[in-house]
>>> print(open('run-v8.cif').read())   # mmCIF, C-alpha atoms
data_upload
loop_
_atom_site.label_atom_id
_atom_site.label_comp_id
_atom_site.auth_asym_id
_atom_site.auth_seq_id
_atom_site.Cartn_x
_atom_site.Cartn_y
_atom_site.Cartn_z
CA MET A 1 109.60 120.38 107.11
CA SER A 2 108.85 118.73 103.79
CA GLU A 3 106.47 115.80 103.64
CA LYS A 4 107.70 112.31 102.87
CA PRO A 5 106.55 111.08 99.46
CA VAL A 6 103.46 108.89 99.52
CA ILE A 7 104.11 105.52 97.92
CA PRO A 8 101.27 104.31 95.67
CA THR A 9 98.82 101.71 96.98
CA SER A 10 100.16 99.17 94.50
CA ILE A 11 103.85 98.43 94.11
CA GLU A 12 105.26 100.03 90.99
CA THR A 13 107.71 97.38 89.74
CA SER A 14 109.65 97.61 86.51
CA GLN A 15 110.44 93.91 86.20
CA LYS A 16 109.51 92.68 82.72
CA GLU A 17 108.07 89.48 84.16
CA THR A 18 105.38 91.29 86.17
CA ARG A 19 102.01 91.29 84.39
CA ARG A 20 98.68 92.57 85.59
CA ARG A 21 95.80 90.29 86.45
CA PRO A 22 93.64 90.12 83.29
CA ALA A 23 90.40 92.09 83.14
CA GLN A 24 88.12 89.64 81.34
CA GLU A 25 86.32 87.19 83.62
CA ARG A 26 87.31 84.07 81.69
CA SER A 27 90.95 85.08 81.65
CA ARG A 28 90.83 86.01 85.34
CA LYS A 29 89.51 82.55 86.23
CA ARG A 30 92.29 80.91 84.23
CA TYR A 31 94.89 83.21 85.78
CA ASP A 32 93.66 82.46 89.30
CA ALA A 33 93.47 78.72 88.56
CA ILE A 34 97.13 78.78 87.52
CA LEU A 35 98.18 80.58 90.70
CA ASN A 36 96.10 78.29 92.91
CA ALA A 37 97.56 75.22 91.24
CA ALA A 38 101.10 76.54 91.62
CA LYS A 39 100.51 77.35 95.28
CA SER A 40 99.12 73.86 95.91
CA LEU A 41 102.16 72.25 94.28
CA ILE A 42 104.55 74.49 96.22
CA ALA A 43 102.88 73.36 99.45
CA LYS A 44 103.46 69.72 98.50
CA LYS A 45 106.85 69.82 96.77
CA GLY A 46 108.41 73.23 97.26
CA SER A 47 108.97 75.96 94.71
CA ALA A 48 112.26 74.42 93.52
CA GLN A 49 110.33 71.41 92.21
CA LEU A 50 107.64 73.48 90.47
CA LYS A 51 107.08 72.35 86.88
CA ILE A 52 104.98 74.10 84.26
CA HIS A 53 103.39 70.92 82.94
CA GLU A 54 102.29 69.90 86.44
CA ILE A 55 100.77 73.34 87.04
CA ALA A 56 98.96 73.07 83.71
CA GLU A 57 97.59 69.63 84.53
CA LEU A 58 96.31 70.68 87.96
CA ALA A 59 94.86 73.96 86.67
CA GLN A 60 93.32 72.15 83.68
CA VAL A 61 94.95 74.44 81.16
CA THR A 62 97.63 73.96 78.53
CA PRO A 63 101.28 74.83 79.22
CA ALA A 64 101.07 77.34 76.36
CA SER A 65 98.24 79.18 78.09
CA ILE A 66 100.34 79.55 81.24
CA TYR A 67 102.98 81.41 79.24
CA GLN A 68 100.31 83.87 78.09
CA TYR A 69 100.16 85.12 81.68
CA PHE A 70 103.52 84.13 83.16
CA PRO A 71 106.70 84.04 81.06
CA SER A 72 108.52 81.89 83.64
CA LYS A 73 108.15 79.98 86.91
CA ASN A 74 109.78 82.95 88.62
CA ALA A 75 106.92 85.14 87.40
CA ILE A 76 104.42 82.81 89.06
CA THR A 77 106.28 83.01 92.38
CA LEU A 78 106.46 86.78 91.95
CA ALA A 79 102.69 86.98 91.44
CA LEU A 80 102.02 84.82 94.51
CA ALA A 81 104.32 86.99 96.62
CA GLN A 82 102.69 90.16 95.28
CA HIS A 83 99.23 88.84 96.16
CA THR A 84 100.31 88.16 99.73
CA PHE A 85 101.93 91.57 100.11
CA ASP A 86 98.84 93.29 98.71
CA HIS A 87 96.55 91.44 101.13
CA ALA A 88 98.63 92.58 104.12
CA PHE A 89 98.79 96.14 102.81
CA ALA A 90 95.02 96.22 102.31
CA SER A 91 94.48 95.25 105.96
CA LEU A 92 96.88 97.97 107.04
CA THR A 93 95.15 100.52 104.79
CA ASP A 94 91.70 99.63 106.11
CA ASN A 95 92.61 99.80 109.79
CA LEU A 96 95.62 101.93 110.68
CA PRO A 97 94.32 105.34 109.46
CA LYS A 98 91.47 104.94 112.00
CA ALA A 99 93.88 105.11 114.95
CA GLU A 100 92.86 107.71 117.52
CA SER A 101 96.11 107.84 119.48
CA LEU A 102 99.65 106.48 119.42
CA GLU A 103 98.60 103.77 121.88
CA HIS A 104 95.68 102.81 119.64
CA ALA A 105 97.94 102.72 116.56
CA CYS A 106 100.44 100.43 118.31
CA LEU A 107 97.64 98.07 119.36
CA MET A 108 96.33 97.98 115.79
CA LEU A 109 99.80 97.19 114.46
CA GLN A 110 100.16 94.36 116.96
CA ASN A 111 96.81 92.92 115.86
CA LEU A 112 97.69 93.22 112.17
CA ILE A 113 101.02 91.48 112.71
CA GLU A 114 99.21 88.66 114.48
CA GLU A 115 96.74 88.40 111.60
CA HIS A 116 99.60 88.25 109.10
CA TYR A 117 101.40 85.60 111.16
CA GLN A 118 98.28 83.44 111.29
CA ILE A 119 97.90 83.61 107.51
CA TYR A 120 101.42 82.27 107.04
CA LEU A 121 101.04 79.75 109.84
CA ASN A 122 97.99 78.24 108.14
CA ASP A 123 99.42 78.20 104.61
CA PRO A 124 102.58 76.07 104.23
CA ALA A 125 103.27 77.34 100.71
CA LEU A 126 103.89 80.89 101.89
CA LEU A 127 107.02 80.05 103.88
CA ASP A 128 108.50 78.40 100.80
CA ILE A 129 107.69 81.50 98.77
CA TRP A 130 109.44 83.65 101.34
CA VAL A 131 112.48 81.40 101.24
CA SER A 132 112.49 82.01 97.48
CA ILE A 133 112.40 85.74 98.19
CA SER A 134 115.64 85.50 100.17
CA ALA A 135 117.40 83.86 97.22
CA ASP A 136 116.03 85.89 94.31
CA LYS A 137 117.01 89.52 93.64
CA THR A 138 113.71 90.34 91.92
CA LEU A 139 111.71 89.07 94.88
CA GLN A 140 114.06 90.78 97.34
CA ASP A 141 113.34 94.08 95.61
CA LEU A 142 109.61 93.38 95.80
CA ASP A 143 109.87 92.63 99.53
CA LEU A 144 111.86 95.82 100.16
CA GLU A 145 109.47 97.97 98.15
CA ASP A 146 106.54 96.49 100.05
CA SER A 147 108.26 97.48 103.32
CA ARG A 148 108.64 101.02 101.98
CA ARG A 149 104.96 101.45 101.12
CA GLN A 150 103.92 99.99 104.49
CA ALA A 151 106.35 102.32 106.24
CA THR A 152 104.87 105.34 104.49
CA LEU A 153 101.35 104.32 105.50
CA ILE A 154 102.44 103.83 109.12
CA TYR A 155 104.25 107.17 109.07
CA ASN A 156 101.28 109.07 107.61
CA SER A 157 98.89 107.43 110.09
CA ILE A 158 100.74 108.22 113.32
CA LYS A 159 102.85 111.33 112.67
CA SER A 160 100.05 113.57 113.95
CA PHE A 161 100.48 112.03 117.41
CA LEU A 162 104.13 113.16 117.57
CA PRO A 163 105.94 116.52 117.35
CA GLU A 164 106.98 117.53 113.86
CA ASN A 165 110.69 117.53 114.71
CA GLN A 166 110.44 113.74 115.14
CA TRP A 167 108.76 113.01 111.82
CA GLU A 168 111.92 112.34 109.84
CA LYS A 169 113.15 109.83 112.43
CA LEU A 170 109.65 108.34 112.60
CA HIS A 171 109.72 107.57 108.87
CA GLN A 172 113.07 105.83 109.24
CA ILE A 173 111.85 103.76 112.20
CA SER A 174 108.65 102.88 110.37
CA PHE A 175 110.69 101.51 107.46
CA LEU A 176 112.89 99.48 109.80
CA LEU A 177 109.96 98.00 111.74
CA SER A 178 108.02 97.23 108.55
CA HIS A 179 110.88 95.16 107.21
CA MET A 180 111.52 93.52 110.58
CA VAL A 181 107.95 92.17 110.62
CA GLY A 182 108.70 89.89 107.70
CA SER A 183 111.95 88.69 109.26
CA ALA A 184 110.24 87.99 112.59
CA ILE A 185 107.46 85.98 110.96
CA ARG A 186 109.93 83.98 108.84
CA MET A 187 111.94 83.17 111.95
CA ALA A 188 108.83 82.14 113.90
CA LEU A 189 107.71 79.84 111.09
CA GLN A 190 111.01 77.98 110.96
CA VAL A 191 111.02 76.86 114.60
CA SER A 192 108.52 74.88 116.65
CA GLN A 193 105.07 76.39 116.95
CA GLU A 194 105.55 76.93 120.69
CA GLU A 195 108.84 78.74 120.21
CA GLY A 196 107.43 80.66 117.26
CA ARG A 197 104.50 81.81 119.37
CA GLY A 198 106.91 83.17 121.97
CA LEU A 199 108.99 84.95 119.33
CA MET A 200 105.94 86.66 117.84
CA ASN A 201 104.68 87.74 121.26
CA SER A 202 108.09 89.22 122.05
CA PHE A 203 108.27 91.03 118.73
CA LYS A 204 104.79 92.52 119.10
CA CYS A 205 105.82 93.87 122.51
CA LEU A 206 108.37 96.05 120.74
CA LEU A 207 105.51 97.93 119.09
CA ASN A 208 104.38 100.10 121.99
CA PRO A 209 104.54 103.85 122.67
CA SER A 210 107.41 103.53 125.17
CA SER A 211 109.66 101.63 122.76
CA LEU A 212 108.78 103.96 119.90
CA ASN A 213 109.47 107.06 121.98
CA SER A 214 112.77 105.55 123.12
CA MET A 215 113.87 105.02 119.52
CA LEU A 216 112.75 108.49 118.55
CA ALA A 217 114.74 110.01 121.43
CA GLN A 218 118.00 108.35 120.41
CA LYS A 219 120.51 110.65 118.79
CA SER A 220 122.57 109.42 115.86
CA THR A 221 126.22 108.77 116.61
CA GLN A 222 129.17 108.51 114.24
CA THR A 223 132.37 106.66 114.90
#
>>> encode(input="run-v8.cif", output="structure tokens")
Amino acid sequence: MSEKPVIPTSIETSQKETRRRPAQERSRKRYDAILNAAKSLIAKKGSAQLKIHEIAELAQVTPASIYQYFPSKNAITLALAQHTFDHAFASLTDNLPKAESLEHACLMLQNLIEEHYQIYLNDPALLDIWVSISADKTLQDLDLEDSRRQATLIYNSIKSFLPENQWEKLHQISFLLSHMVGSAIRMALQVSQEEGRGLMNSFKCLLNPSSLNSMLAQKSTQT
């Protein structure tokens, strides 16, 4: 059976508005100051009210310098979303390949989901950014591609614990669960903290060997 392609450790996007973080230290500091200022303003006002001149004032740069790094407000939101996705993927990369069994891998995934949830719970700007994702095609594509690379990492980390004839279905399930994590966290963040806590606990319970084996055992049906 042929191997699934390994998705690179950084999302390969073709959007013209995506630009790399600058290499020179002075430029990096300015770049980060712009993103931090934008994130602070999003937390206070929401991304819909984001204004370049306000970002410039808070970051202590000129509006013209912002356009050297970000051609639009959408590009700033895109960079903030990318940073969050990369942080979550780095945690997954550092931990999941160390799994010693399917049970251990499921426990690690539960812990990583909890870590990701806590990051969003403690940063009010991130929910607004995710709402922007749901309304913007460029950000939707970024979210979907991030789910694909996470799915491939999950697949490559746990396939050895399962028979080879289940690998193709495992990759499909990994993609589905990866994307469902984001939906579950968004849902939990939009209700009361108590209800959100219950939703996240319920979702994490889905990530266990019994549930995974049940999904793998299901045969596809056509109507």
>>> atom_distance(input="run-v8.cif", atom1="atom CA of A:Arg186", atom2="atom CA of A:Ser147")
14.7 Å
>>> residues_around(input="run-v8.cif", residues="A:Ile66", least_positions_apart="3", cutoff="10 Å", atoms="only C-alpha atoms", output="ChimeraX atom specification")
/A:30-31,34-35,52-53,55-56,59,61-63,69-73,76
>>> resolve_selection(input="run-v8.cif", expression="the PyMOL selection byres ((chain A and resi 126) around 12)", output="PyMOL selection string")
chain A and resi 38-44+46-47+77-78+80-85+116-125+127-133+182+185-186+189-190
>>> atom_distance(input="run-v8.cif", atom1="atom CA of A:Ser183", atom2="atom CA of A:Lys51")
28.1 Å
>>> closest_residue(input="run-v8.cif", among="A:Leu144, A:Leu112, A:Ile173, A:Ala217", to="A:Lys204", atoms="all atoms listed in the file")
A:Leu112
>>> residues_around(input="run-v8.cif", residues="stretch 105-108 of chain A", least_positions_apart="4", cutoff="6 Å", atoms="all atoms listed in the file", output="list in words")
Ala99, Leu207 and Asn208 of chain A
>>> atom_distance(input="run-v8.cif", atom1="atom CA of A:Glu145", atom2="atom CA of A:His87")
14.8 Å
>>> closest_residue(input="run-v8.cif", among="A:Glu100, A:Asp94, A:Glu114, A:Glu57", to="A:Ala184", atoms="all atoms listed in the file")
A:Glu114
>>> closest_residue(input="run-v8.cif", among="A:Glu103, A:Asp146, A:Asp136, A:Glu195", to="A:Ile158", atoms="all atoms listed in the file")
A:Glu103
>>> closest_residue(input="run-v8.cif", among="A:Gln140, A:Gln110, A:Thr93, A:Asn213", to="A:Ile154", atoms="all atoms listed in the file")
A:Thr93
>>> closest_residue(input="run-v8.cif", among="A:Leu162, A:Leu58, A:Ala188, A:Leu153", to="A:Ser174", atoms="all atoms listed in the file")
A:Leu153
>>> residues_around(input="run-v8.cif", residues="A:Met215", least_positions_apart="3", cutoff="10 Å", atoms="only C-alpha atoms", output="number ranges by chain")
A: 169-170, 173, 209-212, 218-219
>>> closest_residue(input="run-v8.cif", among="A:Gln60, A:Ser65, A:Thr152, A:Asn74", to="A:Leu177", atoms="all atoms listed in the file")
A:Thr152
>>> build_atoms(input="run-v8.cif", residues="stretch 108-119 of chain A", atoms="all heavy atoms", output="PDB file, in the frame of the given file")
ATOM      1  N   MET A 108      96.764  98.412 117.119  1.00  0.00           N
ATOM      2  CA  MET A 108      96.330  97.980 115.790  1.00  0.00           C
ATOM      3  C   MET A 108      97.461  97.271 115.045  1.00  0.00           C
ATOM      4  O   MET A 108      97.244  96.231 114.406  1.00  0.00           O
ATOM      5  CB  MET A 108      95.861  99.193 114.974  1.00  0.00           C
ATOM      6  CG  MET A 108      94.480  99.682 115.330  1.00  0.00           C
ATOM      7  SD  MET A 108      93.950 100.990 114.183  1.00  0.00           S
ATOM      8  CE  MET A 108      92.199 101.076 114.587  1.00  0.00           C
ATOM      9  N   LEU A 109      98.665  97.813 115.134  1.00  0.00           N
ATOM     10  CA  LEU A 109      99.800  97.190 114.460  1.00  0.00           C
ATOM     11  C   LEU A 109     100.077  95.803 115.027  1.00  0.00           C
ATOM     12  O   LEU A 109     100.366  94.865 114.281  1.00  0.00           O
ATOM     13  CB  LEU A 109     101.041  98.082 114.615  1.00  0.00           C
ATOM     14  CG  LEU A 109     101.085  99.321 113.722  1.00  0.00           C
ATOM     15  CD1 LEU A 109     102.227 100.231 114.130  1.00  0.00           C
ATOM     16  CD2 LEU A 109     101.227  98.930 112.258  1.00  0.00           C
ATOM     17  N   GLN A 110      99.976  95.666 116.339  1.00  0.00           N
ATOM     18  CA  GLN A 110     100.160  94.360 116.960  1.00  0.00           C
ATOM     19  C   GLN A 110      99.123  93.359 116.437  1.00  0.00           C
ATOM     20  O   GLN A 110      99.450  92.208 116.122  1.00  0.00           O
ATOM     21  CB  GLN A 110     100.065  94.469 118.474  1.00  0.00           C
ATOM     22  CG  GLN A 110     101.221  95.208 119.126  1.00  0.00           C
ATOM     23  CD  GLN A 110     101.032  95.368 120.619  1.00  0.00           C
ATOM     24  OE1 GLN A 110     100.176  94.735 121.237  1.00  0.00           O
ATOM     25  NE2 GLN A 110     101.835  96.224 121.224  1.00  0.00           N
ATOM     26  N   ASN A 111      97.880  93.795 116.345  1.00  0.00           N
ATOM     27  CA  ASN A 111      96.810  92.920 115.860  1.00  0.00           C
ATOM     28  C   ASN A 111      97.012  92.539 114.394  1.00  0.00           C
ATOM     29  O   ASN A 111      96.755  91.399 113.988  1.00  0.00           O
ATOM     30  CB  ASN A 111      95.454  93.592 116.046  1.00  0.00           C
ATOM     31  CG  ASN A 111      95.061  93.717 117.502  1.00  0.00           C
ATOM     32  OD1 ASN A 111      95.539  92.976 118.362  1.00  0.00           O
ATOM     33  ND2 ASN A 111      94.189  94.673 117.807  1.00  0.00           N
ATOM     34  N   LEU A 112      97.471  93.494 113.587  1.00  0.00           N
ATOM     35  CA  LEU A 112      97.690  93.220 112.170  1.00  0.00           C
ATOM     36  C   LEU A 112      98.871  92.276 111.959  1.00  0.00           C
ATOM     37  O   LEU A 112      98.838  91.431 111.056  1.00  0.00           O
ATOM     38  CB  LEU A 112      97.916  94.538 111.420  1.00  0.00           C
ATOM     39  CG  LEU A 112      96.680  95.428 111.282  1.00  0.00           C
ATOM     40  CD1 LEU A 112      97.073  96.828 110.800  1.00  0.00           C
ATOM     41  CD2 LEU A 112      95.663  94.806 110.333  1.00  0.00           C
ATOM     42  N   ILE A 113      99.891  92.405 112.780  1.00  0.00           N
ATOM     43  CA  ILE A 113     101.020  91.480 112.710  1.00  0.00           C
ATOM     44  C   ILE A 113     100.574  90.072 113.059  1.00  0.00           C
ATOM     45  O   ILE A 113     100.949  89.094 112.403  1.00  0.00           O
ATOM     46  CB  ILE A 113     102.157  91.941 113.642  1.00  0.00           C
ATOM     47  CG1 ILE A 113     102.814  93.205 113.075  1.00  0.00           C
ATOM     48  CG2 ILE A 113     103.203  90.837 113.814  1.00  0.00           C
ATOM     49  CD1 ILE A 113     103.771  93.866 114.030  1.00  0.00           C
ATOM     50  N   GLU A 114      99.735  89.969 114.096  1.00  0.00           N
ATOM     51  CA  GLU A 114      99.210  88.660 114.480  1.00  0.00           C
ATOM     52  C   GLU A 114      98.375  88.055 113.349  1.00  0.00           C
ATOM     53  O   GLU A 114      98.491  86.853 113.041  1.00  0.00           O
ATOM     54  CB  GLU A 114      98.364  88.787 115.745  1.00  0.00           C
ATOM     55  CG  GLU A 114      97.747  87.485 116.220  1.00  0.00           C
ATOM     56  CD  GLU A 114      98.781  86.447 116.627  1.00  0.00           C
ATOM     57  OE1 GLU A 114      99.878  86.832 117.076  1.00  0.00           O
ATOM     58  OE2 GLU A 114      98.497  85.234 116.489  1.00  0.00           O
ATOM     59  N   GLU A 115      97.553  88.873 112.727  1.00  0.00           N
ATOM     60  CA  GLU A 115      96.740  88.400 111.600  1.00  0.00           C
ATOM     61  C   GLU A 115      97.621  87.898 110.462  1.00  0.00           C
ATOM     62  O   GLU A 115      97.358  86.841 109.871  1.00  0.00           O
ATOM     63  CB  GLU A 115      95.848  89.549 111.104  1.00  0.00           C
ATOM     64  CG  GLU A 115      95.036  89.236 109.867  1.00  0.00           C
ATOM     65  CD  GLU A 115      94.312  90.464 109.324  1.00  0.00           C
ATOM     66  OE1 GLU A 115      93.653  91.157 110.127  1.00  0.00           O
ATOM     67  OE2 GLU A 115      94.427  90.743 108.124  1.00  0.00           O
ATOM     68  N   HIS A 116      98.685  88.633 110.174  1.00  0.00           N
ATOM     69  CA  HIS A 116      99.600  88.250 109.100  1.00  0.00           C
ATOM     70  C   HIS A 116     100.317  86.945 109.454  1.00  0.00           C
ATOM     71  O   HIS A 116     100.475  86.062 108.604  1.00  0.00           O
ATOM     72  CB  HIS A 116     100.611  89.380 108.895  1.00  0.00           C
ATOM     73  CG  HIS A 116     101.288  89.367 107.566  1.00  0.00           C
ATOM     74  ND1 HIS A 116     100.629  89.140 106.382  1.00  0.00           N
ATOM     75  CD2 HIS A 116     102.598  89.544 107.230  1.00  0.00           C
ATOM     76  CE1 HIS A 116     101.481  89.187 105.374  1.00  0.00           C
ATOM     77  NE2 HIS A 116     102.684  89.418 105.867  1.00  0.00           N
ATOM     78  N   TYR A 117     100.728  86.819 110.702  1.00  0.00           N
ATOM     79  CA  TYR A 117     101.400  85.600 111.160  1.00  0.00           C
ATOM     80  C   TYR A 117     100.484  84.392 111.012  1.00  0.00           C
ATOM     81  O   TYR A 117     100.913  83.324 110.559  1.00  0.00           O
ATOM     82  CB  TYR A 117     101.824  85.782 112.612  1.00  0.00           C
ATOM     83  CG  TYR A 117     102.384  84.533 113.270  1.00  0.00           C
ATOM     84  CD1 TYR A 117     103.464  83.842 112.717  1.00  0.00           C
ATOM     85  CD2 TYR A 117     101.822  84.049 114.446  1.00  0.00           C
ATOM     86  CE1 TYR A 117     103.980  82.705 113.322  1.00  0.00           C
ATOM     87  CE2 TYR A 117     102.330  82.909 115.060  1.00  0.00           C
ATOM     88  CZ  TYR A 117     103.407  82.245 114.501  1.00  0.00           C
ATOM     89  OH  TYR A 117     103.902  81.118 115.105  1.00  0.00           O
ATOM     90  N   GLN A 118      99.219  84.550 111.378  1.00  0.00           N
ATOM     91  CA  GLN A 118      98.280  83.440 111.290  1.00  0.00           C
ATOM     92  C   GLN A 118      98.057  82.996 109.845  1.00  0.00           C
ATOM     93  O   GLN A 118      97.903  81.801 109.565  1.00  0.00           O
ATOM     94  CB  GLN A 118      96.938  83.827 111.927  1.00  0.00           C
ATOM     95  CG  GLN A 118      96.979  83.959 113.439  1.00  0.00           C
ATOM     96  CD  GLN A 118      97.352  82.674 114.145  1.00  0.00           C
ATOM     97  OE1 GLN A 118      96.989  81.597 113.710  1.00  0.00           O
ATOM     98  NE2 GLN A 118      98.090  82.789 115.237  1.00  0.00           N
ATOM     99  N   ILE A 119      98.049  83.949 108.929  1.00  0.00           N
ATOM    100  CA  ILE A 119      97.900  83.610 107.510  1.00  0.00           C
ATOM    101  C   ILE A 119      99.037  82.712 107.055  1.00  0.00           C
ATOM    102  O   ILE A 119      98.834  81.684 106.400  1.00  0.00           O
ATOM    103  CB  ILE A 119      97.840  84.898 106.650  1.00  0.00           C
ATOM    104  CG1 ILE A 119      96.510  85.636 106.884  1.00  0.00           C
ATOM    105  CG2 ILE A 119      98.005  84.562 105.164  1.00  0.00           C
ATOM    106  CD1 ILE A 119      96.449  87.002 106.227  1.00  0.00           C
TER     107      ILE A 119
END
